[in-house]
Each structure stands twice: as structure tokens, then as C-alpha cells.
Amino acid sequence: MTTPVSPDGPAPADPRSPDRDPWAPPTTEGAAQPASPYPPPVWVRPPGNGMPIAALVLGLVGIGLGLFVVLFWVSWLPAALAVVFGCVGLSQVRSGRATKKAMALSGVIMGVIGLLLAVATAVFTVVLVKGAVDEARKEVKAAEDAAAAAEKARHLTFGRSYTFGNGLKVTVAKPEPFVPDAFANGHAKGNKAVEVTVTVVNTGSKRVSVETGLPDVNDADGASAELVIDGSGRQKVLTGYVLPGKEAVGRYAFSLPPDAADAMEVEFSPDAMRWEDAYWSGPTS
């Protein structure tokens, strides 16, 4: 005869049955589980304070960079980020996702201060640079004006004087007619010969050497005039030292072509290696 089997499976073995394994763990199937005295654990997300902290740090960086004139152009970026991160941090505090309200608010305030510093430093730098540029332009203009004045001072009319840097005061008199003798060299027939007189006075306290005693003469067309040399002994070349308070006189003859003899220009420097030429010009008659 077959023993019916329960649909829930075979019944557990009776612990008192001699067929039960004594080493098997006790069965808890079908037994009631005791209730836990503690509620089940609930996972709570911790507040995130990254934004307030970042806002505070960036605000400090923005202010620090804004204090340096040369770094104003980068200080605005951390300051602006501090404002943004601080606002996000305040929003997180209001929604309960962050707790560092004071830190977020400080980041916003310092970010605004950093932006103001960046703007103020930029304006200060622009004003400073503009002032430096204007000052440099003034110096250049003053140097140009001084050079123009010096150049103008070196162009004179006959009879006026110019004092060089070594203290020699030079005067070129108005040219006088000159008649070369029969043995003159450098004078072509039909040309106009003139005599140029150069007077040098030493206005300093030490003797000064005349290194370049021969003037250059240009006719009315700007061409170089020929130096006339004859045997009359009337010409005298400036050379040697000029003592303090003393003067030296040089006399030279030049030949001008007839079509460019109505005016002339004389260039002279007592030391062409150190001092630029001065110029005397005017009519020859």
C-alpha cells in the first residue's frame, strides 16, 4: 500500500525518530522569526560642501591676484568662479544638500570683491601706462625740439657767431672780393673769386686745438667751390692751439662760377670728429 505524499514535500523528520541524523542542524522551516527590536537601516546621502569650499578658496585667490598690478588680467577668472560656485552652494544649502552656508556666502562676497579689485587694477594700469606713454612722448618731443633748435642755431648768416662745445666762438665775415695773382691755382677765367675770413675766439679757460682749419664753401647751386691758392701770401689756414681769451684768424679764397656766384654757404667746424659743422650763408655782394 502506497503512503500519500504531501504536496508541500515530505514532512520534517521527528527529532525523536531513530532515523534522524543527530549531526544535522535543527530545522527552522515553518518556525516564526522573532521580530527585530531595531528599524531597518535607511541610507542617507551626506551633505556635499564642495561648492562652498571651492567658492571660498577661489574668492581668496581672486582677491590675492587682484592685489598685484601685473596679475589683474587673470584675477577676474577665479573671482567670477567664486561668485558662481558660491551661489550654487547657497542653493544647495537651501535645498538641504549642503551645510556650509557661511562659507558659500563668504565665497560670493570675496568673489565680488575680487572682481572689483580686478576692474580697479585694470583701470589703474591703463592710467599708469597712458601716463608713461604720454611722458615718453613728451621726452621724445622735447628731444626732437632740442635737436631742431640746435640744428637751427648752427645755421647763421654772415657776420654772426656760433660757439662750439669746446668753447671756441667762430665768426664768418661776409665774403669780400678777391683778385688772384697771375700764378693762382683753382680759379677759372670768368669765375668770381671771393675771400672768406674765419675768426676763432677761445672763450674757455684752457687752450683748445683747431683740428679742422679749412672751411668748405658751396656756391648758390649747392656745388662745392674751388679753393684758390696763389703766391700772394694773403691766405692763412687756421691751425694749432688757441689760448684762453685769444683769437685766431683764417683767410681763404674760393672761386665761384658766374651763374652761381650771387650767394654762397660756408661750412666750418674746429674739430669735425667731435663737433658738427656750423653754416654761414648769404649774398656775396
# chains A, B, ... in the order shown; residues from 1 in each chain; ligands from 1
$ residues_around --residues "Val70 in chain A" --least-positions-apart "4" --cutoff "9 Å" --atoms "only C-alpha atoms" --output "VMD selection string"
chain A and resid 65 to 66 121 125
$ write_last_selection --atoms "C-alpha atoms" --output "PDB file, in the first residue's frame"
ATOM      1  CA  LEU A  65      45.729  88.054  -7.519  1.00  0.00           C
ATOM      2  CA  GLY A  66      43.790  91.309  -7.715  1.00  0.00           C
ATOM      3  CA  THR A 121      43.600  97.392 -11.028  1.00  0.00           C
ATOM      4  CA  THR A 125      47.157 100.010 -15.034  1.00  0.00           C
TER       5      THR A 125
END
$ residues_around --residues "range 50-64 of chain A" --least-positions-apart "2" --cutoff "8 Å" --atoms "only C-alpha atoms" --output "JSON, numbers by chain"
{"A": [48, 66, 67, 68, 75, 76, 77, 78, 79, 81, 82, 83, 84, 85, 86, 88, 89, 90, 100, 101, 103, 104, 105, 106, 107, 108, 109, 110, 111, 113, 114, 115, 117]}
$ write_last_selection --atoms "N, CA and C atoms" --output "tab-separated table (two decimals), in the first residue's frame"
chain	number	residue	atom	x	y	z
A	48	GLY	N	26.87	67.60	0.59
A	48	GLY	CA	28.08	67.90	-0.20
A	48	GLY	C	28.44	69.37	-0.07
A	66	GLY	N	44.21	89.95	-7.40
A	66	GLY	CA	43.79	91.31	-7.71
A	66	GLY	C	44.64	92.38	-7.07
A	67	LEU	N	45.38	92.01	-6.01
A	67	LEU	CA	46.25	92.97	-5.34
A	67	LEU	C	47.53	93.25	-6.12
A	68	PHE	N	47.85	92.40	-7.10
A	68	PHE	CA	49.06	92.58	-7.89
A	68	PHE	C	48.68	93.22	-9.23
A	75	SER	N	43.06	87.71	-12.48
A	75	SER	CA	42.38	87.66	-11.18
A	75	SER	C	40.87	87.61	-11.32
A	76	TRP	N	40.32	88.11	-12.43
A	76	TRP	CA	38.88	88.13	-12.57
A	76	TRP	C	38.29	86.74	-12.71
A	77	LEU	N	39.06	85.79	-13.27
A	77	LEU	CA	38.52	84.45	-13.51
A	77	LEU	C	38.21	83.71	-12.21
A	78	PRO	N	39.17	83.55	-11.27
A	78	PRO	CA	38.80	82.89	-10.02
A	78	PRO	C	37.76	83.67	-9.24
A	79	ALA	N	37.76	84.99	-9.33
A	79	ALA	CA	36.75	85.77	-8.62
A	79	ALA	C	35.36	85.50	-9.19
A	81	LEU	N	34.42	82.77	-10.80
A	81	LEU	CA	34.06	81.39	-10.43
A	81	LEU	C	33.64	81.32	-8.97
A	82	ALA	N	34.26	82.13	-8.11
A	82	ALA	CA	33.86	82.14	-6.70
A	82	ALA	C	32.42	82.59	-6.54
A	83	VAL	N	32.02	83.60	-7.31
A	83	VAL	CA	30.63	84.06	-7.25
A	83	VAL	C	29.69	82.96	-7.73
A	84	VAL	N	30.04	82.32	-8.84
A	84	VAL	CA	29.18	81.26	-9.39
A	84	VAL	C	29.08	80.09	-8.41
A	85	PHE	N	30.22	79.60	-7.95
A	85	PHE	CA	30.21	78.45	-7.03
A	85	PHE	C	29.54	78.81	-5.71
A	86	GLY	N	29.72	80.04	-5.25
A	86	GLY	CA	29.07	80.45	-4.01
A	86	GLY	C	27.56	80.47	-4.15
A	88	VAL	N	25.80	78.67	-6.26
A	88	VAL	CA	25.38	77.26	-6.32
A	88	VAL	C	25.40	76.65	-4.92
A	89	GLY	N	26.42	76.97	-4.12
A	89	GLY	CA	26.50	76.46	-2.76
A	89	GLY	C	25.34	76.94	-1.90
A	90	LEU	N	24.94	78.21	-2.02
A	90	LEU	CA	23.79	78.72	-1.26
A	90	LEU	C	22.51	78.00	-1.68
A	100	LYS	N	27.38	74.33	4.59
A	100	LYS	CA	28.33	75.43	4.80
A	100	LYS	C	27.80	76.72	4.19
A	101	LYS	N	26.75	77.27	4.80
A	101	LYS	CA	26.17	78.50	4.27
A	101	LYS	C	27.13	79.67	4.40
A	103	MET	N	30.31	79.66	4.52
A	103	MET	CA	31.43	79.52	3.59
A	103	MET	C	31.02	79.92	2.17
A	104	ALA	N	29.82	79.47	1.77
A	104	ALA	CA	29.34	79.82	0.44
A	104	ALA	C	29.12	81.32	0.32
A	105	LEU	N	28.53	81.93	1.35
A	105	LEU	CA	28.28	83.37	1.33
A	105	LEU	C	29.59	84.15	1.31
A	106	SER	N	30.58	83.69	2.08
A	106	SER	CA	31.89	84.34	2.08
A	106	SER	C	32.54	84.26	0.70
A	107	GLY	N	32.37	83.11	0.03
A	107	GLY	CA	32.92	82.96	-1.31
A	107	GLY	C	32.31	83.95	-2.28
A	108	VAL	N	30.97	84.15	-2.17
A	108	VAL	CA	30.30	85.12	-3.05
A	108	VAL	C	30.82	86.53	-2.78
A	109	ILE	N	30.92	86.90	-1.50
A	109	ILE	CA	31.37	88.25	-1.15
A	109	ILE	C	32.80	88.48	-1.62
A	110	MET	N	33.68	87.52	-1.35
A	110	MET	CA	35.07	87.69	-1.76
A	110	MET	C	35.21	87.65	-3.28
A	111	GLY	N	34.37	86.90	-3.96
A	111	GLY	CA	34.39	86.91	-5.41
A	111	GLY	C	34.03	88.27	-5.98
A	113	ILE	N	34.37	91.12	-4.36
A	113	ILE	CA	35.50	92.00	-4.05
A	113	ILE	C	36.65	91.77	-5.04
A	114	GLY	N	36.92	90.50	-5.38
A	114	GLY	CA	37.97	90.20	-6.34
A	114	GLY	C	37.69	90.80	-7.71
A	115	LEU	N	36.41	90.75	-8.14
A	115	LEU	CA	36.06	91.34	-9.43
A	115	LEU	C	36.26	92.86	-9.39
A	117	LEU	N	38.33	94.47	-7.47
A	117	LEU	CA	39.77	94.71	-7.47
A	117	LEU	C	40.35	94.56	-8.87
$ atom_distance --atom1 "CA of Ala132 in chain A" --atom2 "CA of Leu71 in chain A"
18.9 Å
$ closest_residue --among "A:Val112, A:Phe178, A:Lys189, A:Arg94" --to "Ala80 in chain A" --atoms "only C-alpha atoms"
A:Val112
$ residues_around --residues "range 159-170 of chain A" --least-positions-apart "3" --cutoff "12 Å" --atoms "only C-alpha atoms" --output "ChimeraX atom specification"
/A:150-156,173-175,196-211,213,215,238,241-250,266-272,274-283
$ atom_distance --atom1 "CA of Glu265 in chain A" --atom2 "CA of Pro177 in chain A"
15.3 Å
$ closest_residue --among "A:Lys141, A:Ala182, A:Thr212, A:Phe72" --to "Leu116 in chain A" --atoms "only C-alpha atoms"
A:Phe72
$ atom_distance --atom1 "CA of Val172 in chain A" --atom2 "CA of Ala143 in chain A"
28.7 Å
$ select_by_dssp --residues "range 173-282 of chain A" --states "strand (DSSP E or B)" --output "compact mmCIF listing (two decimals) with C-alpha atoms, in the first residue's frame"
# COMPACT_ATOMS: atom_id res chain seq x y z
CA GLU A 176 84.97 140.08 -49.84
CA PRO A 177 86.12 140.25 -53.47
CA ASN A 185 95.66 127.78 -58.94
CA LYS A 192 84.17 135.20 -59.32
CA ALA A 193 86.82 134.93 -56.61
CA VAL A 194 85.89 135.83 -53.02
CA GLU A 195 87.79 135.90 -49.76
CA VAL A 196 86.34 134.18 -46.66
CA THR A 197 87.54 135.32 -43.22
CA VAL A 198 87.05 132.98 -40.24
CA THR A 199 87.71 134.35 -36.74
CA VAL A 200 88.03 131.93 -33.79
CA VAL A 201 87.98 133.17 -30.17
CA ASN A 202 88.67 130.87 -27.21
CA VAL A 208 91.96 124.47 -27.45
CA SER A 209 93.37 123.00 -30.62
CA VAL A 210 91.84 123.75 -34.02
CA ASP A 216 84.03 124.07 -47.12
CA VAL A 217 82.29 126.52 -49.45
CA ASN A 218 79.24 125.86 -51.64
CA ASP A 219 78.03 128.15 -54.39
CA SER A 224 81.48 122.80 -53.92
CA GLU A 226 87.24 125.58 -55.75
CA LEU A 227 89.88 126.70 -53.24
CA VAL A 228 92.13 129.34 -54.77
CA ILE A 229 95.84 129.21 -53.98
CA LYS A 236 96.11 131.85 -43.92
CA GLY A 240 97.40 124.86 -33.74
CA TYR A 241 96.20 125.94 -30.30
CA VAL A 242 94.14 128.97 -29.36
CA GLU A 247 91.70 134.75 -31.17
CA ALA A 248 92.97 133.24 -34.39
CA VAL A 249 92.03 134.39 -37.88
CA GLY A 250 91.99 132.33 -41.07
CA ARG A 251 91.64 133.73 -44.58
CA TYR A 252 90.72 131.68 -47.64
CA ALA A 253 89.90 132.40 -51.28
CA PHE A 254 87.35 130.48 -53.35
CA SER A 255 86.30 130.60 -56.98
CA LEU A 256 82.59 130.67 -57.85
CA ALA A 263 75.24 133.68 -52.91
CA MET A 264 77.31 131.10 -51.05
CA GLU A 265 77.43 128.95 -47.93
CA VAL A 266 80.43 128.30 -45.67
CA GLU A 267 80.71 125.14 -43.52
CA PHE A 268 83.19 125.09 -40.67
CA ALA A 278 78.05 125.24 -38.43
CA TYR A 279 76.79 127.00 -41.58
CA TRP A 280 77.05 130.62 -42.63
CA SER A 281 75.27 131.79 -45.75
CA GLY A 282 74.23 134.92 -47.56
$ closest_residue --among "A:Ala120, A:Asn49, A:Phe183, A:Gln235" --to "Ala102 in chain A" --atoms "only C-alpha atoms"
A:Asn49
$ select_by_dssp --residues "range 87-272 of chain A" --states "alpha helix (DSSP H)" --output "mmCIF file with N, CA and C atoms, in the first residue's frame"
data_model
loop_
_atom_site.group_PDB
_atom_site.id
_atom_site.type_symbol
_atom_site.label_atom_id
_atom_site.label_comp_id
_atom_site.auth_asym_id
_atom_site.auth_seq_id
_atom_site.Cartn_x
_atom_site.Cartn_y
_atom_site.Cartn_z
ATOM 1 N N CYS A 87 27.060 80.967 -5.266
ATOM 2 C CA CYS A 87 25.605 80.971 -5.494
ATOM 3 C C CYS A 87 25.067 79.545 -5.568
ATOM 4 N N VAL A 88 25.795 78.666 -6.255
ATOM 5 C CA VAL A 88 25.376 77.261 -6.316
ATOM 6 C C VAL A 88 25.399 76.652 -4.920
ATOM 7 N N GLY A 89 26.417 76.974 -4.118
ATOM 8 C CA GLY A 89 26.496 76.461 -2.755
ATOM 9 C C GLY A 89 25.345 76.938 -1.898
ATOM 10 N N LEU A 90 24.944 78.209 -2.018
ATOM 11 C CA LEU A 90 23.789 78.716 -1.263
ATOM 12 C C LEU A 90 22.511 78.001 -1.678
ATOM 13 N N SER A 91 22.406 77.740 -2.975
ATOM 14 C CA SER A 91 21.234 76.988 -3.439
ATOM 15 C C SER A 91 21.213 75.587 -2.839
ATOM 16 N N GLN A 92 22.357 74.932 -2.747
ATOM 17 C CA GLN A 92 22.424 73.611 -2.135
ATOM 18 C C GLN A 92 22.098 73.654 -0.647
ATOM 19 N N VAL A 93 22.517 74.723 0.029
ATOM 20 C CA VAL A 93 22.187 74.862 1.457
ATOM 21 C C VAL A 93 20.681 74.984 1.646
ATOM 22 N N ARG A 94 20.034 75.767 0.794
ATOM 23 C CA ARG A 94 18.591 75.931 0.910
ATOM 24 C C ARG A 94 17.846 74.632 0.662
ATOM 25 N N LYS A 101 26.753 77.266 4.804
ATOM 26 C CA LYS A 101 26.172 78.497 4.268
ATOM 27 C C LYS A 101 27.128 79.671 4.401
ATOM 28 N N ALA A 102 27.754 79.798 5.564
ATOM 29 C CA ALA A 102 28.674 80.917 5.785
ATOM 30 C C ALA A 102 29.840 80.869 4.803
ATOM 31 N N MET A 103 30.314 79.663 4.519
ATOM 32 C CA MET A 103 31.431 79.522 3.591
ATOM 33 C C MET A 103 31.024 79.918 2.172
ATOM 34 N N ALA A 104 29.823 79.471 1.773
ATOM 35 C CA ALA A 104 29.343 79.824 0.438
ATOM 36 C C ALA A 104 29.120 81.321 0.319
ATOM 37 N N LEU A 105 28.532 81.934 1.354
ATOM 38 C CA LEU A 105 28.284 83.369 1.327
ATOM 39 C C LEU A 105 29.595 84.146 1.312
ATOM 40 N N SER A 106 30.580 83.688 2.084
ATOM 41 C CA SER A 106 31.891 84.340 2.081
ATOM 42 C C SER A 106 32.535 84.255 0.699
ATOM 43 N N GLY A 107 32.375 83.111 0.032
ATOM 44 C CA GLY A 107 32.916 82.962 -1.310
ATOM 45 C C GLY A 107 32.305 83.952 -2.283
ATOM 46 N N VAL A 108 30.966 84.149 -2.175
ATOM 47 C CA VAL A 108 30.302 85.122 -3.048
ATOM 48 C C VAL A 108 30.824 86.534 -2.784
ATOM 49 N N ILE A 109 30.923 86.895 -1.502
ATOM 50 C CA ILE A 109 31.365 88.250 -1.146
ATOM 51 C C ILE A 109 32.802 88.483 -1.618
ATOM 52 N N MET A 110 33.681 87.521 -1.349
ATOM 53 C CA MET A 110 35.070 87.691 -1.758
ATOM 54 C C MET A 110 35.215 87.653 -3.276
ATOM 55 N N GLY A 111 34.367 86.900 -3.956
ATOM 56 C CA GLY A 111 34.395 86.911 -5.414
ATOM 57 C C GLY A 111 34.033 88.270 -5.979
ATOM 58 N N VAL A 112 33.010 88.902 -5.374
ATOM 59 C CA VAL A 112 32.623 90.245 -5.822
ATOM 60 C C VAL A 112 33.759 91.232 -5.559
ATOM 61 N N ILE A 113 34.373 91.118 -4.363
ATOM 62 C CA ILE A 113 35.499 91.997 -4.051
ATOM 63 C C ILE A 113 36.648 91.773 -5.041
ATOM 64 N N GLY A 114 36.917 90.498 -5.375
ATOM 65 C CA GLY A 114 37.973 90.200 -6.336
ATOM 66 C C GLY A 114 37.689 90.798 -7.710
ATOM 67 N N LEU A 115 36.413 90.745 -8.136
ATOM 68 C CA LEU A 115 36.059 91.343 -9.426
ATOM 69 C C LEU A 115 36.257 92.861 -9.394
ATOM 70 N N LEU A 116 35.853 93.489 -8.285
ATOM 71 C CA LEU A 116 36.046 94.936 -8.170
ATOM 72 C C LEU A 116 37.524 95.288 -8.168
ATOM 73 N N LEU A 117 38.327 94.472 -7.473
ATOM 74 C CA LEU A 117 39.772 94.709 -7.474
ATOM 75 C C LEU A 117 40.354 94.562 -8.873
ATOM 76 N N ALA A 118 39.889 93.544 -9.612
ATOM 77 C CA ALA A 118 40.393 93.340 -10.973
ATOM 78 C C ALA A 118 40.071 94.547 -11.857
ATOM 79 N N VAL A 119 38.838 95.057 -11.726
ATOM 80 C CA VAL A 119 38.447 96.223 -12.528
ATOM 81 C C VAL A 119 39.264 97.448 -12.124
ATOM 82 N N ALA A 120 39.395 97.659 -10.790
ATOM 83 C CA ALA A 120 40.147 98.821 -10.318
ATOM 84 C C ALA A 120 41.614 98.743 -10.736
ATOM 85 N N THR A 121 42.194 97.548 -10.636
ATOM 86 C CA THR A 121 43.600 97.392 -11.028
ATOM 87 C C THR A 121 43.772 97.586 -12.524
ATOM 88 N N ALA A 122 42.806 97.118 -13.306
ATOM 89 C CA ALA A 122 42.885 97.312 -14.754
ATOM 90 C C ALA A 122 42.831 98.796 -15.105
ATOM 91 N N VAL A 123 41.925 99.532 -14.455
ATOM 92 C CA VAL A 123 41.833 100.975 -14.710
ATOM 93 C C VAL A 123 43.122 101.672 -14.292
ATOM 94 N N PHE A 124 43.642 101.283 -13.106
ATOM 95 C CA PHE A 124 44.894 101.881 -12.622
ATOM 96 C C PHE A 124 46.033 101.600 -13.596
ATOM 97 N N THR A 125 46.086 100.362 -14.104
ATOM 98 C CA THR A 125 47.157 100.010 -15.034
ATOM 99 C C THR A 125 47.049 100.799 -16.330
ATOM 100 N N VAL A 126 45.828 100.943 -16.825
ATOM 101 C CA VAL A 126 45.624 101.708 -18.062
ATOM 102 C C VAL A 126 46.063 103.152 -17.866
ATOM 103 N N VAL A 127 45.657 103.748 -16.735
ATOM 104 C CA VAL A 127 46.040 105.135 -16.451
ATOM 105 C C VAL A 127 47.552 105.246 -16.316
ATOM 106 N N LEU A 128 48.158 104.264 -15.607
ATOM 107 C CA LEU A 128 49.603 104.295 -15.408
ATOM 108 C C LEU A 128 50.352 104.176 -16.731
ATOM 109 N N VAL A 129 49.910 103.237 -17.575
ATOM 110 C CA VAL A 129 50.568 103.040 -18.865
ATOM 111 C C VAL A 129 50.387 104.265 -19.751
ATOM 112 N N LYS A 130 49.165 104.818 -19.733
ATOM 113 C CA LYS A 130 48.919 106.013 -20.545
ATOM 114 C C LYS A 130 49.808 107.171 -20.084
ATOM 115 N N GLY A 131 49.947 107.318 -18.761
ATOM 116 C CA GLY A 131 50.818 108.372 -18.252
ATOM 117 C C GLY A 131 52.265 108.170 -18.671
ATOM 118 N N ALA A 132 52.723 106.898 -18.605
ATOM 119 C CA ALA A 132 54.098 106.607 -19.010
ATOM 120 C C ALA A 132 54.297 106.876 -20.497
ATOM 121 N N VAL A 133 53.296 106.490 -21.313
ATOM 122 C CA VAL A 133 53.402 106.728 -22.756
ATOM 123 C C VAL A 133 53.406 108.223 -23.060
ATOM 124 N N ASP A 134 52.526 108.969 -22.371
ATOM 125 C CA ASP A 134 52.485 110.420 -22.586
ATOM 126 C C ASP A 134 53.811 111.067 -22.174
ATOM 127 N N GLU A 135 54.375 110.589 -21.047
ATOM 128 C CA GLU A 135 55.648 111.142 -20.589
ATOM 129 C C GLU A 135 56.764 110.832 -21.583
ATOM 130 N N ALA A 136 56.751 109.585 -22.113
ATOM 131 C CA ALA A 136 57.766 109.220 -23.099
ATOM 132 C C ALA A 136 57.616 110.066 -24.364
ATOM 133 N N ARG A 137 56.381 110.298 -24.773
ATOM 134 C CA ARG A 137 56.161 111.134 -25.952
ATOM 135 C C ARG A 137 56.638 112.566 -25.702
ATOM 136 N N LYS A 138 56.412 113.071 -24.482
ATOM 137 C CA LYS A 138 56.892 114.415 -24.161
ATOM 138 C C LYS A 138 58.411 114.482 -24.229
ATOM 139 N N GLU A 139 59.064 113.430 -23.698
ATOM 140 C CA GLU A 139 60.523 113.414 -23.729
ATOM 141 C C GLU A 139 61.040 113.350 -25.164
ATOM 142 N N VAL A 140 60.379 112.512 -25.985
ATOM 143 C CA VAL A 140 60.791 112.421 -27.390
ATOM 144 C C VAL A 140 60.570 113.756 -28.090
ATOM 145 N N LYS A 141 59.408 114.368 -27.811
ATOM 146 C CA LYS A 141 59.111 115.667 -28.432
ATOM 147 C C LYS A 141 60.122 116.720 -27.977
ATOM 148 N N ALA A 142 60.457 116.688 -26.674
ATOM 149 C CA ALA A 142 61.438 117.654 -26.172
ATOM 150 C C ALA A 142 62.799 117.427 -26.809
ATOM 151 N N ALA A 143 63.176 116.142 -26.971
ATOM 152 C CA ALA A 143 64.460 115.851 -27.616
ATOM 153 C C ALA A 143 64.447 116.299 -29.071
ATOM 154 N N GLU A 144 63.329 116.065 -29.766
ATOM 155 C CA GLU A 144 63.227 116.495 -31.160
ATOM 156 C C GLU A 144 63.280 118.017 -31.262
ATOM 157 N N ASP A 145 62.581 118.690 -30.339
ATOM 158 C CA ASP A 145 62.601 120.164 -30.359
ATOM 159 C C ASP A 145 64.001 120.685 -30.076
ATOM 160 N N ALA A 146 64.685 120.024 -29.106
ATOM 161 C CA ALA A 146 66.044 120.459 -28.786
ATOM 162 C C ALA A 146 66.981 120.240 -29.972
ATOM 163 N N ALA A 147 66.812 119.084 -30.652
ATOM 164 C CA ALA A 147 67.642 118.815 -31.822
ATOM 165 C C ALA A 147 67.352 119.816 -32.938
ATOM 166 N N ALA A 148 66.052 120.132 -33.118
ATOM 167 C CA ALA A 148 65.698 121.111 -34.151
ATOM 168 C C ALA A 148 66.247 122.491 -33.808
ATOM 169 N N ALA A 149 66.182 122.836 -32.505
ATOM 170 C CA ALA A 149 66.717 124.140 -32.098
ATOM 171 C C ALA A 149 68.227 124.192 -32.283
ATOM 172 N N ALA A 150 68.903 123.065 -31.942
ATOM 173 C CA ALA A 150 70.353 123.022 -32.128
ATOM 174 C C ALA A 150 70.717 123.105 -33.599
ATOM 175 N N GLU A 151 69.933 122.424 -34.437
ATOM 176 C CA GLU A 151 70.190 122.475 -35.885
ATOM 177 C C GLU A 151 69.970 123.883 -36.420
ATOM 178 N N LYS A 152 68.904 124.520 -35.941
ATOM 179 C CA LYS A 152 68.624 125.880 -36.393
ATOM 180 C C LYS A 152 69.718 126.841 -35.934
ATOM 181 N N ALA A 153 70.230 126.607 -34.707
ATOM 182 C CA ALA A 153 71.269 127.502 -34.180
ATOM 183 C C ALA A 153 72.563 127.394 -34.959
#
$ residues_around --residues "Ala184 in chain A" --least-positions-apart "3" --cutoff "9 Å" --atoms "only C-alpha atoms" --output "JSON, numbers by chain"
{"A": [180, 181, 187, 228, 229, 230, 231, 232]}
$ decode --residues "range 184-191 of chain A" --atoms "all heavy atoms" --output "PDB file, in the first residue's frame"
ATOM      1  N   ALA A 184      97.825 132.019 -59.786  1.00  0.00           N
ATOM      2  CA  ALA A 184      96.801 131.375 -58.944  1.00  0.00           C
ATOM      3  C   ALA A 184      96.413 130.016 -59.502  1.00  0.00           C
ATOM      4  O   ALA A 184      96.374 129.797 -60.716  1.00  0.00           O
ATOM      5  CB  ALA A 184      95.586 132.263 -58.834  1.00  0.00           C
ATOM      6  N   ASN A 185      96.118 129.122 -58.586  1.00  0.00           N
ATOM      7  CA  ASN A 185      95.661 127.775 -58.943  1.00  0.00           C
ATOM      8  C   ASN A 185      94.254 127.583 -58.383  1.00  0.00           C
ATOM      9  O   ASN A 185      93.972 127.887 -57.228  1.00  0.00           O
ATOM     10  CB  ASN A 185      96.613 126.725 -58.358  1.00  0.00           C
ATOM     11  CG  ASN A 185      96.206 125.317 -58.770  1.00  0.00           C
ATOM     12  OD1 ASN A 185      95.585 125.124 -59.807  1.00  0.00           O
ATOM     13  ND2 ASN A 185      96.566 124.329 -57.948  1.00  0.00           N
ATOM     14  N   GLY A 186      93.334 127.031 -59.183  1.00  0.00           N
ATOM     15  CA  GLY A 186      91.966 126.762 -58.741  1.00  0.00           C
ATOM     16  C   GLY A 186      90.976 127.807 -59.158  1.00  0.00           C
ATOM     17  O   GLY A 186      89.792 127.718 -58.807  1.00  0.00           O
ATOM     18  N   HIS A 187      91.395 128.802 -59.939  1.00  0.00           N
ATOM     19  CA  HIS A 187      90.484 129.856 -60.374  1.00  0.00           C
ATOM     20  C   HIS A 187      90.399 129.847 -61.892  1.00  0.00           C
ATOM     21  O   HIS A 187      91.387 130.083 -62.585  1.00  0.00           O
ATOM     22  CB  HIS A 187      90.961 131.216 -59.875  1.00  0.00           C
ATOM     23  CG  HIS A 187      90.093 132.359 -60.286  1.00  0.00           C
ATOM     24  ND1 HIS A 187      88.797 132.513 -59.862  1.00  0.00           N
ATOM     25  CD2 HIS A 187      90.353 133.427 -61.105  1.00  0.00           C
ATOM     26  CE1 HIS A 187      88.279 133.595 -60.376  1.00  0.00           C
ATOM     27  NE2 HIS A 187      89.200 134.185 -61.155  1.00  0.00           N
ATOM     28  N   ALA A 188      89.197 129.566 -62.381  1.00  0.00           N
ATOM     29  CA  ALA A 188      88.987 129.545 -63.829  1.00  0.00           C
ATOM     30  C   ALA A 188      88.637 130.943 -64.323  1.00  0.00           C
ATOM     31  O   ALA A 188      88.049 131.752 -63.596  1.00  0.00           O
ATOM     32  CB  ALA A 188      87.869 128.552 -64.181  1.00  0.00           C
ATOM     33  N   LYS A 189      89.006 131.202 -65.558  1.00  0.00           N
ATOM     34  CA  LYS A 189      88.718 132.505 -66.159  1.00  0.00           C
ATOM     35  C   LYS A 189      87.213 132.705 -66.237  1.00  0.00           C
ATOM     36  O   LYS A 189      86.460 131.826 -66.640  1.00  0.00           O
ATOM     37  CB  LYS A 189      89.335 132.581 -67.562  1.00  0.00           C
ATOM     38  CG  LYS A 189      89.209 133.960 -68.199  1.00  0.00           C
ATOM     39  CD  LYS A 189      89.893 134.006 -69.533  1.00  0.00           C
ATOM     40  CE  LYS A 189      89.785 135.391 -70.166  1.00  0.00           C
ATOM     41  NZ  LYS A 189      90.462 135.479 -71.489  1.00  0.00           N
ATOM     42  N   GLY A 190      86.750 133.885 -65.867  1.00  0.00           N
ATOM     43  CA  GLY A 190      85.324 134.192 -65.874  1.00  0.00           C
ATOM     44  C   GLY A 190      84.654 133.937 -64.535  1.00  0.00           C
ATOM     45  O   GLY A 190      83.510 134.371 -64.304  1.00  0.00           O
ATOM     46  N   ASN A 191      85.298 133.199 -63.631  1.00  0.00           N
ATOM     47  CA  ASN A 191      84.712 132.953 -62.309  1.00  0.00           C
ATOM     48  C   ASN A 191      84.861 134.175 -61.407  1.00  0.00           C
ATOM     49  O   ASN A 191      85.641 135.092 -61.694  1.00  0.00           O
ATOM     50  CB  ASN A 191      85.379 131.755 -61.647  1.00  0.00           C
ATOM     51  CG  ASN A 191      84.857 130.427 -62.180  1.00  0.00           C
ATOM     52  OD1 ASN A 191      84.070 130.408 -63.138  1.00  0.00           O
ATOM     53  ND2 ASN A 191      85.283 129.334 -61.581  1.00  0.00           N
TER      54      ASN A 191
END
